[in-house]
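Visitor: Sharing a structure here in structure tokens format.
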Amino acid sequence: MGKDVIVACDFASAEQTYAFLDKFTGKKPFVKIGMELFYAEGPAIVRELKARGHKIFLDLKLHDIPNTVKKSMAVLSRLDVDITNLHAAGTKRMMEAAVEGLTRPDGTRPLLIAVTQLTSTDQESMENDLLIKEPIDQVVMHYAKNAKDAGLDGVVCSPLEAGKVHDTCGKAFLTITPGVRFADGDIGDQKRVMTPAEAKKIGSDYIVVGRPITAADDPVAAYERCLNEFVD
Ligand code: C5P
């Protein structure tokens with residue numbers, strides 16, 4: 001899979017999701033299904049969007065004991081998603097178990113991506129709440145290396161970290177970056193943002209874009225604009 005724009009379908013129901021995607025006549029954007037929509041609608045929403053021809057990033061961020069993650073990943077693998085993810089904080093052993101669980105009998109599997117430190121965690125909360133004293137960018141790179149060693153395909157990271165992740169883990173290690181905004185757009189609650197064009201320049205492999213597309217007056221035009229800036 002090459003560079004692509006993944007649309008974050010942060011909707012509360014299948015109905016709202018279909019109403020949104022029905023606007024894209026003839027186009028099948030790569031979509032991200034997160035916890036809110038998955039917990040509301042269950043695996044049926046994944047099957048339906050797959051049947052409609054969308055590629056799917058199932059963003060459930062698993063983090064549990066290796067055996068539980070392995071068995072859960074086997075279930076997600078049978079759903080035939082294209083990308084799924086977990087928390088690197090679950091340790092290398094958990095990530096290796098996840099790869100095993102995700103791998104189908106024929107040897108194929110969805111791409112598996114790690115969350116390093118959430119962008120909602122800052123240096124202060126990491127030190128005080130998690131008792132991790134190193135600088136956060138070192139922690140992020142260390143977790144990225146762990147993910148690579150465990151056989152994962154990449155990390156979710158800020159577009160600002162994508163270049164350094166590639167320097168540390170190699171160009172083939174994927175970076176999926178949220179926090180994307182148009183130069184003339186609202187940044188909302190995101191703090192460190194980049195335009196699709198800047199994300200392309202810095203080497204992001206996939207950008208995850210939510211509100212700049214879902215809340216646009218013309219979502220299809222906003223999606224096309226992302227594609228033009230990021231892919232073409
Ligand atoms: O609407 P917006 O473009 O901010 O949506 C970004 C999407 O990426 C949301 O689904 C959000 O949960 C997700 N995300 C993020 N930052 C992370 C990880 C995921 O914004 N570090």
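For the structure tokens, the naming scheme is as follows: chains receive sequential letters (A, B, ...) according to their order of presentation, residues are indexed from 1 within each chain, and ligands are indexed from 1 in presentation order.
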Name the residues in contact with segment 23-33 of chain A at a cut-off of 10 Å, using only C-alpha atoms, excluding same-chain residues fewer than 6 positions from it; report them as a PyMOL selection string.
Guide: chain A and resi 4-11+17+45-46+49-50+52-60+82-84+208-210+218-221+223
Visitor: Could you give me the residues within 10 Å of ligand 1, counting only C-alpha atoms and all ligand atoms, as a VMD selection string?
Guide: chain A and resid 6 to 11 32 to 36 59 61 115 to 121 156 to 159 176 to 181 187 to 193 207 to 215
Visitor: Have a look at atom CA of Gly101 of chain A and atom CA of Lys71 of chain A and let me know their distance in Å, one decimal.
Guide: 5.8 Å
Visitor: Compile the contact shell of Cys169 of chain A as JSON, numbers by chain: residues with an atom at most 10 Å away, counting only C-alpha atoms, same-chain residues fewer than 6 positions apart removed.
Guide: {"A": [141, 142, 144, 145, 146, 147, 148, 149, 154]}
Visitor: Residues as selected, N, CA and C atoms, written as a PDB file, in the first residue's frame, can you do that?
Guide:
ATOM      1  N   MET A 141      10.951   7.205  20.553  1.00  0.00           N
ATOM      2  CA  MET A 141      11.858   6.486  19.642  1.00  0.00           C
ATOM      3  C   MET A 141      12.183   5.089  20.189  1.00  0.00           C
ATOM      4  N   HIS A 142      12.323   4.976  21.499  1.00  0.00           N
ATOM      5  CA  HIS A 142      12.604   3.670  22.104  1.00  0.00           C
ATOM      6  C   HIS A 142      11.428   2.709  21.873  1.00  0.00           C
ATOM      7  N   ALA A 144       9.271   2.945  19.493  1.00  0.00           N
ATOM      8  CA  ALA A 144       9.218   2.654  18.052  1.00  0.00           C
ATOM      9  C   ALA A 144      10.197   1.532  17.707  1.00  0.00           C
ATOM     10  N   LYS A 145      11.411   1.588  18.310  1.00  0.00           N
ATOM     11  CA  LYS A 145      12.400   0.527  18.059  1.00  0.00           C
ATOM     12  C   LYS A 145      11.895  -0.811  18.589  1.00  0.00           C
ATOM     13  N   ASN A 146      11.292  -0.788  19.780  1.00  0.00           N
ATOM     14  CA  ASN A 146      10.718  -2.024  20.334  1.00  0.00           C
ATOM     15  C   ASN A 146       9.690  -2.616  19.370  1.00  0.00           C
ATOM     16  N   ALA A 147       8.852  -1.732  18.815  1.00  0.00           N
ATOM     17  CA  ALA A 147       7.804  -2.189  17.890  1.00  0.00           C
ATOM     18  C   ALA A 147       8.444  -2.823  16.658  1.00  0.00           C
ATOM     19  N   LYS A 148       9.507  -2.194  16.171  1.00  0.00           N
ATOM     20  CA  LYS A 148      10.187  -2.751  14.999  1.00  0.00           C
ATOM     21  C   LYS A 148      10.808  -4.114  15.339  1.00  0.00           C
ATOM     22  N   ASP A 149      11.488  -4.186  16.482  1.00  0.00           N
ATOM     23  CA  ASP A 149      12.109  -5.457  16.900  1.00  0.00           C
ATOM     24  C   ASP A 149      11.071  -6.563  17.038  1.00  0.00           C
ATOM     25  N   GLY A 154       4.990  -0.363  11.876  1.00  0.00           N
ATOM     26  CA  GLY A 154       5.136   1.082  11.998  1.00  0.00           C
ATOM     27  C   GLY A 154       4.531   1.605  13.276  1.00  0.00           C
TER      28      GLY A 154
END
Visitor: Would you list, as a short mmCIF file (atom, residue, chain, number, x, y, z; two decimals) with N, CA and C atoms, in the first residue's frame, the residues of segment 34-210 of chain A that end up in helix (DSSP H, G or I) under DSSP run on this structure's backbone?
Guide:
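Result saved to selection_24.cif:
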data_model
loop_
_atom_site.label_atom_id
_atom_site.label_comp_id
_atom_site.auth_asym_id
_atom_site.auth_seq_id
_atom_site.Cartn_x
_atom_site.Cartn_y
_atom_site.Cartn_z
N MET A 35 -12.70 3.42 18.61
CA MET A 35 -13.43 2.73 19.68
C MET A 35 -14.90 3.14 19.75
N GLU A 36 -15.18 4.43 19.58
CA GLU A 36 -16.56 4.89 19.76
C GLU A 36 -17.50 4.15 18.80
N LEU A 37 -17.14 4.16 17.53
CA LEU A 37 -18.01 3.54 16.53
C LEU A 37 -18.02 2.02 16.67
N PHE A 38 -16.85 1.43 16.96
CA PHE A 38 -16.79 -0.03 17.08
C PHE A 38 -17.57 -0.52 18.29
N TYR A 39 -17.46 0.20 19.40
CA TYR A 39 -18.21 -0.24 20.60
C TYR A 39 -19.71 -0.03 20.41
N ALA A 40 -20.07 0.95 19.60
CA ALA A 40 -21.50 1.19 19.36
C ALA A 40 -22.09 0.15 18.40
N GLU A 41 -21.33 -0.21 17.39
CA GLU A 41 -21.91 -1.01 16.30
C GLU A 41 -21.32 -2.41 16.16
N PRO A 43 -18.58 -5.62 15.24
CA PRO A 43 -17.91 -6.05 14.01
C PRO A 43 -18.74 -5.85 12.75
N ALA A 44 -20.06 -5.72 12.89
CA ALA A 44 -20.93 -5.56 11.71
C ALA A 44 -20.54 -4.32 10.90
N ILE A 45 -20.13 -3.26 11.59
CA ILE A 45 -19.78 -2.03 10.86
C ILE A 45 -18.51 -2.26 10.02
N VAL A 46 -17.61 -3.06 10.53
CA VAL A 46 -16.39 -3.37 9.77
C VAL A 46 -16.75 -4.19 8.53
N ARG A 47 -17.58 -5.21 8.74
CA ARG A 47 -17.96 -6.06 7.60
C ARG A 47 -18.68 -5.25 6.53
N GLU A 48 -19.57 -4.36 6.96
CA GLU A 48 -20.36 -3.56 6.01
C GLU A 48 -19.45 -2.61 5.21
N LEU A 49 -18.54 -1.93 5.90
CA LEU A 49 -17.67 -0.98 5.19
C LEU A 49 -16.72 -1.72 4.26
N LYS A 50 -16.28 -2.89 4.68
CA LYS A 50 -15.43 -3.73 3.83
C LYS A 50 -16.22 -4.14 2.57
N ALA A 51 -17.47 -4.56 2.80
CA ALA A 51 -18.31 -4.98 1.67
C ALA A 51 -18.57 -3.82 0.71
N PRO A 66 -0.09 -10.79 27.00
CA PRO A 66 0.17 -11.29 25.65
C PRO A 66 -0.86 -12.31 25.14
N ASN A 67 -1.27 -13.24 25.99
CA ASN A 67 -2.21 -14.27 25.55
C ASN A 67 -3.55 -13.68 25.11
N THR A 68 -4.04 -12.71 25.86
CA THR A 68 -5.33 -12.09 25.54
C THR A 68 -5.22 -11.28 24.24
N VAL A 69 -4.10 -10.57 24.09
CA VAL A 69 -3.91 -9.76 22.88
C VAL A 69 -3.78 -10.68 21.66
N LYS A 70 -3.05 -11.78 21.83
CA LYS A 70 -2.88 -12.72 20.71
C LYS A 70 -4.24 -13.23 20.22
N LYS A 71 -5.07 -13.67 21.17
CA LYS A 71 -6.37 -14.23 20.78
C LYS A 71 -7.31 -13.16 20.21
N SER A 72 -7.22 -11.96 20.74
CA SER A 72 -8.07 -10.87 20.23
C SER A 72 -7.64 -10.46 18.82
N MET A 73 -6.32 -10.45 18.59
CA MET A 73 -5.81 -10.09 17.27
C MET A 73 -6.25 -11.12 16.23
N ALA A 74 -6.34 -12.39 16.64
CA ALA A 74 -6.78 -13.42 15.70
C ALA A 74 -8.23 -13.13 15.26
N VAL A 75 -9.04 -12.64 16.18
CA VAL A 75 -10.43 -12.29 15.84
C VAL A 75 -10.45 -11.11 14.87
N LEU A 76 -9.63 -10.09 15.15
CA LEU A 76 -9.60 -8.91 14.27
C LEU A 76 -9.08 -9.27 12.88
N SER A 77 -8.13 -10.20 12.84
CA SER A 77 -7.57 -10.63 11.56
C SER A 77 -8.65 -11.26 10.68
N ARG A 78 -9.54 -12.02 11.31
CA ARG A 78 -10.62 -12.66 10.54
C ARG A 78 -11.63 -11.63 10.03
N ALA A 88 2.43 0.18 22.39
CA ALA A 88 3.79 -0.37 22.57
C ALA A 88 4.12 -0.55 24.05
N ALA A 89 3.44 0.19 24.93
CA ALA A 89 3.69 0.06 26.38
C ALA A 89 3.36 -1.33 26.90
N GLY A 90 2.65 -2.14 26.10
CA GLY A 90 2.35 -3.52 26.51
C GLY A 90 3.55 -4.44 26.48
N LYS A 92 7.46 -5.74 24.41
CA LYS A 92 7.81 -6.46 23.18
C LYS A 92 7.12 -7.81 23.13
N ARG A 93 7.05 -8.47 24.30
CA ARG A 93 6.42 -9.80 24.32
C ARG A 93 4.95 -9.71 23.90
N MET A 94 4.28 -8.67 24.36
CA MET A 94 2.88 -8.51 23.96
C MET A 94 2.78 -8.23 22.46
N MET A 95 3.71 -7.42 21.94
CA MET A 95 3.66 -7.09 20.51
C MET A 95 3.95 -8.32 19.65
N GLU A 96 4.91 -9.15 20.10
CA GLU A 96 5.20 -10.38 19.35
C GLU A 96 3.99 -11.31 19.34
N ALA A 97 3.33 -11.40 20.49
CA ALA A 97 2.13 -12.24 20.58
C ALA A 97 1.04 -11.70 19.65
N ALA A 98 0.96 -10.38 19.54
CA ALA A 98 -0.04 -9.76 18.66
C ALA A 98 0.22 -10.13 17.20
N VAL A 99 1.50 -10.08 16.79
CA VAL A 99 1.84 -10.44 15.41
C VAL A 99 1.45 -11.89 15.14
N GLU A 100 1.76 -12.77 16.10
CA GLU A 100 1.40 -14.19 15.95
C GLU A 100 -0.10 -14.36 15.79
N GLY A 101 -0.85 -13.68 16.65
CA GLY A 101 -2.31 -13.82 16.62
C GLY A 101 -2.91 -13.28 15.33
N LEU A 102 -2.30 -12.22 14.83
CA LEU A 102 -2.84 -11.55 13.66
C LEU A 102 -2.55 -12.31 12.36
N GLN A 123 5.39 15.58 28.87
CA GLN A 123 6.54 15.24 29.71
C GLN A 123 6.15 15.19 31.19
N GLU A 124 5.36 16.18 31.61
CA GLU A 124 5.01 16.28 33.03
C GLU A 124 4.15 15.10 33.48
N SER A 125 3.12 14.75 32.70
CA SER A 125 2.25 13.64 33.12
C SER A 125 2.99 12.31 33.01
N MET A 126 3.90 12.21 32.03
CA MET A 126 4.68 10.97 31.90
C MET A 126 5.58 10.79 33.13
N GLU A 127 6.21 11.89 33.57
CA GLU A 127 7.10 11.80 34.74
C GLU A 127 6.30 11.56 36.02
N ASN A 128 5.24 12.35 36.21
CA ASN A 128 4.51 12.28 37.47
C ASN A 128 3.59 11.07 37.58
N ASP A 129 2.90 10.74 36.49
CA ASP A 129 1.91 9.66 36.58
C ASP A 129 2.51 8.30 36.24
N LEU A 130 3.43 8.29 35.27
CA LEU A 130 3.97 7.01 34.81
C LEU A 130 5.37 6.73 35.36
N ILE A 136 10.56 12.83 26.47
CA ILE A 136 9.47 12.10 25.80
C ILE A 136 9.85 11.67 24.37
N ASP A 137 10.66 12.49 23.66
CA ASP A 137 11.01 12.06 22.29
C ASP A 137 11.91 10.83 22.30
N GLN A 138 12.74 10.71 23.35
CA GLN A 138 13.55 9.48 23.48
C GLN A 138 12.67 8.27 23.77
N VAL A 139 11.66 8.49 24.60
CA VAL A 139 10.74 7.40 24.95
C VAL A 139 9.98 6.95 23.69
N VAL A 140 9.52 7.92 22.91
CA VAL A 140 8.80 7.61 21.67
C VAL A 140 9.69 6.79 20.72
N MET A 141 10.95 7.21 20.55
CA MET A 141 11.86 6.49 19.64
C MET A 141 12.18 5.09 20.19
N HIS A 142 12.32 4.98 21.50
CA HIS A 142 12.60 3.67 22.10
C HIS A 142 11.43 2.71 21.87
N TYR A 143 10.22 3.21 22.08
CA TYR A 143 9.03 2.38 21.85
C TYR A 143 8.90 2.00 20.37
N ALA A 144 9.27 2.95 19.49
CA ALA A 144 9.22 2.65 18.05
C ALA A 144 10.20 1.53 17.71
N LYS A 145 11.41 1.59 18.31
CA LYS A 145 12.40 0.53 18.06
C LYS A 145 11.90 -0.81 18.59
N ASN A 146 11.29 -0.79 19.78
CA ASN A 146 10.72 -2.02 20.33
C ASN A 146 9.69 -2.62 19.37
N ALA A 147 8.85 -1.73 18.81
CA ALA A 147 7.80 -2.19 17.89
C ALA A 147 8.44 -2.82 16.66
N LYS A 148 9.51 -2.19 16.17
CA LYS A 148 10.19 -2.75 15.00
C LYS A 148 10.81 -4.11 15.34
N ASP A 149 11.49 -4.19 16.48
CA ASP A 149 12.11 -5.46 16.90
C ASP A 149 11.07 -6.56 17.04
N PRO A 159 3.09 14.16 13.03
CA PRO A 159 3.86 14.36 11.80
C PRO A 159 5.24 14.94 12.10
N LEU A 160 5.35 15.66 13.23
CA LEU A 160 6.63 16.25 13.60
C LEU A 160 7.66 15.19 13.98
N GLU A 161 7.19 13.98 14.34
CA GLU A 161 8.11 12.90 14.73
C GLU A 161 8.42 11.95 13.58
N ALA A 162 7.66 12.07 12.49
CA ALA A 162 7.76 11.07 11.42
C ALA A 162 9.18 10.95 10.85
N GLY A 163 9.84 12.09 10.62
CA GLY A 163 11.19 12.06 10.06
C GLY A 163 12.15 11.33 10.97
N LYS A 164 12.07 11.62 12.27
CA LYS A 164 12.98 10.99 13.23
C LYS A 164 12.71 9.49 13.36
N VAL A 165 11.42 9.11 13.28
CA VAL A 165 11.09 7.67 13.33
C VAL A 165 11.73 6.97 12.13
N HIS A 166 11.66 7.58 10.96
CA HIS A 166 12.27 6.97 9.77
C HIS A 166 13.79 6.90 9.92
N ASP A 167 14.39 7.96 10.50
CA ASP A 167 15.85 7.93 10.71
C ASP A 167 16.23 6.81 11.67
N THR A 168 15.40 6.59 12.69
CA THR A 168 15.70 5.60 13.72
C THR A 168 15.38 4.18 13.27
N CYS A 169 14.25 4.00 12.61
CA CYS A 169 13.76 2.64 12.31
C CYS A 169 13.79 2.29 10.83
N PRO A 196 -1.31 18.80 5.04
CA PRO A 196 -1.03 17.56 4.28
C PRO A 196 0.27 17.69 3.47
N ALA A 197 0.50 18.86 2.88
CA ALA A 197 1.72 19.04 2.06
C ALA A 197 2.97 18.94 2.91
N GLU A 198 2.93 19.52 4.12
CA GLU A 198 4.10 19.42 5.01
C GLU A 198 4.30 17.98 5.47
N ALA A 199 3.20 17.29 5.76
CA ALA A 199 3.30 15.88 6.19
C ALA A 199 3.93 15.03 5.09
N LYS A 200 3.60 15.37 3.85
CA LYS A 200 4.20 14.65 2.71
C LYS A 200 5.70 14.90 2.67
N LYS A 201 6.07 16.17 2.83
CA LYS A 201 7.47 16.57 2.74
C LYS A 201 8.30 15.87 3.81
N ILE A 202 7.72 15.74 5.00
CA ILE A 202 8.48 15.17 6.10
C ILE A 202 8.51 13.64 6.06
#
Visitor: One decimal, Å: what's the distance from atom CA of Tyr18 of chain A over to atom CA of Cys226 of chain A, could you say?
Guide: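 Pair atom CA of Tyr18 of chain A / atom CA of Cys226 of chain A returns 20.7 Å.
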Visitor: If you measure from atom CA of Ile113 of chain A to atom CA of Asn85 of chain A, what distance in Å do you get, rounded to one decimal?
Guide: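 Calculated distance between atom CA of Ile113 of chain A and atom CA of Asn85 of chain A is 4.6 Å.
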Visitor: Please return as a PyMOL selection string: the residues of segment 20-218 of chain A that backbone DSSP assigns to strand (DSSP E or B).
Guide: chain A and resi 30-34+56-62+83-87+111-115+154-156+174-177+180+194+206-209
Visitor: Now that the selection is made, can you save its residues with N, CA, C and O atoms as a compact mmCIF listing (two decimals), in the first residue's frame?
Guide:
# COMPACT_ATOMS: atom_id res chain seq x y z
N PHE A 30 -10.10 5.39 2.28
CA PHE A 30 -9.56 4.54 3.35
C PHE A 30 -10.15 5.12 4.64
O PHE A 30 -10.05 6.33 4.86
N VAL A 31 -10.78 4.32 5.48
CA VAL A 31 -11.43 4.88 6.68
C VAL A 31 -10.82 4.33 7.96
O VAL A 31 -10.32 3.20 8.00
N LYS A 32 -10.87 5.15 9.00
CA LYS A 32 -10.45 4.70 10.33
C LYS A 32 -11.70 4.53 11.19
O LYS A 32 -12.51 5.45 11.30
N ILE A 33 -11.83 3.34 11.77
CA ILE A 33 -12.92 3.09 12.73
C ILE A 33 -12.28 3.04 14.11
O ILE A 33 -11.39 2.22 14.36
N GLY A 34 -12.74 3.90 14.99
CA GLY A 34 -12.18 3.95 16.34
C GLY A 34 -13.09 3.27 17.35
O GLY A 34 -14.09 2.64 17.00
N ILE A 56 -9.76 -0.46 5.64
CA ILE A 56 -10.10 -0.10 7.02
C ILE A 56 -8.90 -0.16 7.95
O ILE A 56 -8.17 -1.15 8.00
N PHE A 57 -8.72 0.95 8.69
CA PHE A 57 -7.78 1.00 9.81
C PHE A 57 -8.64 0.89 11.08
O PHE A 57 -9.38 1.81 11.40
N LEU A 58 -8.54 -0.24 11.76
CA LEU A 58 -9.33 -0.45 12.98
C LEU A 58 -8.47 -0.04 14.17
O LEU A 58 -7.51 -0.72 14.53
N ASP A 59 -8.85 1.11 14.75
CA ASP A 59 -8.02 1.78 15.76
C ASP A 59 -8.55 1.44 17.15
O ASP A 59 -9.29 2.23 17.74
N LEU A 60 -8.17 0.27 17.66
CA LEU A 60 -8.70 -0.16 18.97
C LEU A 60 -7.61 -0.16 20.05
O LEU A 60 -7.91 -0.43 21.22
N LYS A 61 -6.36 0.07 19.67
CA LYS A 61 -5.26 0.26 20.63
C LYS A 61 -5.23 -0.79 21.73
O LYS A 61 -5.34 -0.47 22.93
N LEU A 62 -5.02 -2.04 21.35
CA LEU A 62 -5.03 -3.12 22.35
C LEU A 62 -3.86 -3.00 23.33
O LEU A 62 -2.75 -2.60 22.94
N ILE A 83 -5.39 -2.38 8.47
CA ILE A 83 -4.44 -1.93 9.49
C ILE A 83 -5.12 -2.02 10.85
O ILE A 83 -6.31 -1.72 10.97
N THR A 84 -4.38 -2.46 11.88
CA THR A 84 -4.90 -2.35 13.24
C THR A 84 -3.74 -1.95 14.16
O THR A 84 -2.62 -1.81 13.70
N ASN A 85 -4.03 -1.75 15.45
CA ASN A 85 -2.96 -1.21 16.29
C ASN A 85 -3.03 -1.67 17.75
O ASN A 85 -4.00 -2.33 18.17
N LEU A 86 -1.98 -1.32 18.51
CA LEU A 86 -1.87 -1.67 19.92
C LEU A 86 -0.99 -0.63 20.60
O LEU A 86 -0.42 0.24 19.94
N HIS A 87 -0.87 -0.73 21.92
CA HIS A 87 0.02 0.16 22.67
C HIS A 87 1.38 -0.51 22.84
O HIS A 87 1.47 -1.60 23.42
N LEU A 111 -1.63 -4.95 8.43
CA LEU A 111 -0.50 -4.20 8.98
C LEU A 111 -0.76 -3.94 10.46
O LEU A 111 -1.91 -3.70 10.86
N LEU A 112 0.30 -4.00 11.25
CA LEU A 112 0.15 -3.77 12.69
C LEU A 112 1.03 -2.59 13.11
O LEU A 112 2.24 -2.58 12.85
N ILE A 113 0.39 -1.63 13.75
CA ILE A 113 1.01 -0.34 14.06
C ILE A 113 0.97 -0.13 15.56
O ILE A 113 -0.01 -0.49 16.21
N ALA A 114 2.01 0.47 16.12
CA ALA A 114 2.04 0.73 17.57
C ALA A 114 1.78 2.19 17.90
O ALA A 114 2.24 3.08 17.19
N VAL A 115 1.04 2.39 18.98
CA VAL A 115 0.94 3.72 19.57
C VAL A 115 2.12 3.81 20.54
O VAL A 115 2.32 2.90 21.35
N GLY A 154 4.99 -0.36 11.88
CA GLY A 154 5.14 1.08 12.00
C GLY A 154 4.53 1.61 13.28
O GLY A 154 4.16 0.84 14.17
N VAL A 155 4.44 2.94 13.36
CA VAL A 155 3.87 3.59 14.54
C VAL A 155 2.90 4.70 14.13
O VAL A 155 3.00 5.25 13.04
N VAL A 156 2.00 5.00 15.06
CA VAL A 156 1.20 6.22 14.96
C VAL A 156 2.04 7.30 15.63
O VAL A 156 2.54 7.08 16.74
N LEU A 174 6.57 2.20 8.80
CA LEU A 174 5.50 3.14 8.46
C LEU A 174 5.22 4.17 9.56
O LEU A 174 5.26 3.84 10.75
N THR A 175 4.90 5.38 9.13
CA THR A 175 4.46 6.40 10.07
C THR A 175 3.05 6.84 9.66
O THR A 175 2.81 7.24 8.52
N ILE A 176 2.15 6.70 10.61
CA ILE A 176 0.75 7.11 10.39
C ILE A 176 0.52 8.33 11.26
O ILE A 176 0.70 8.25 12.48
N THR A 177 0.18 9.45 10.65
CA THR A 177 0.19 10.69 11.42
C THR A 177 -1.15 11.43 11.42
O THR A 177 -1.61 11.88 10.39
N VAL A 180 -3.46 16.67 11.41
CA VAL A 180 -3.28 17.33 10.12
C VAL A 180 -4.37 18.40 9.95
O VAL A 180 -5.53 18.16 10.24
N MET A 194 0.23 19.93 11.24
CA MET A 194 0.92 20.13 9.97
C MET A 194 -0.11 20.08 8.86
O MET A 194 -1.13 19.40 9.00
N TYR A 206 1.04 7.68 5.90
CA TYR A 206 -0.42 7.86 5.85
C TYR A 206 -0.76 9.04 6.76
O TYR A 206 -0.19 9.15 7.85
N ILE A 207 -1.67 9.88 6.33
CA ILE A 207 -2.20 10.89 7.26
C ILE A 207 -3.62 10.48 7.65
O ILE A 207 -4.37 9.95 6.83
N VAL A 208 -3.93 10.69 8.94
CA VAL A 208 -5.29 10.42 9.44
C VAL A 208 -5.96 11.77 9.62
O VAL A 208 -5.48 12.60 10.40
N VAL A 209 -7.02 12.00 8.90
CA VAL A 209 -7.68 13.31 8.93
C VAL A 209 -9.15 13.13 9.33
O VAL A 209 -9.87 12.36 8.69
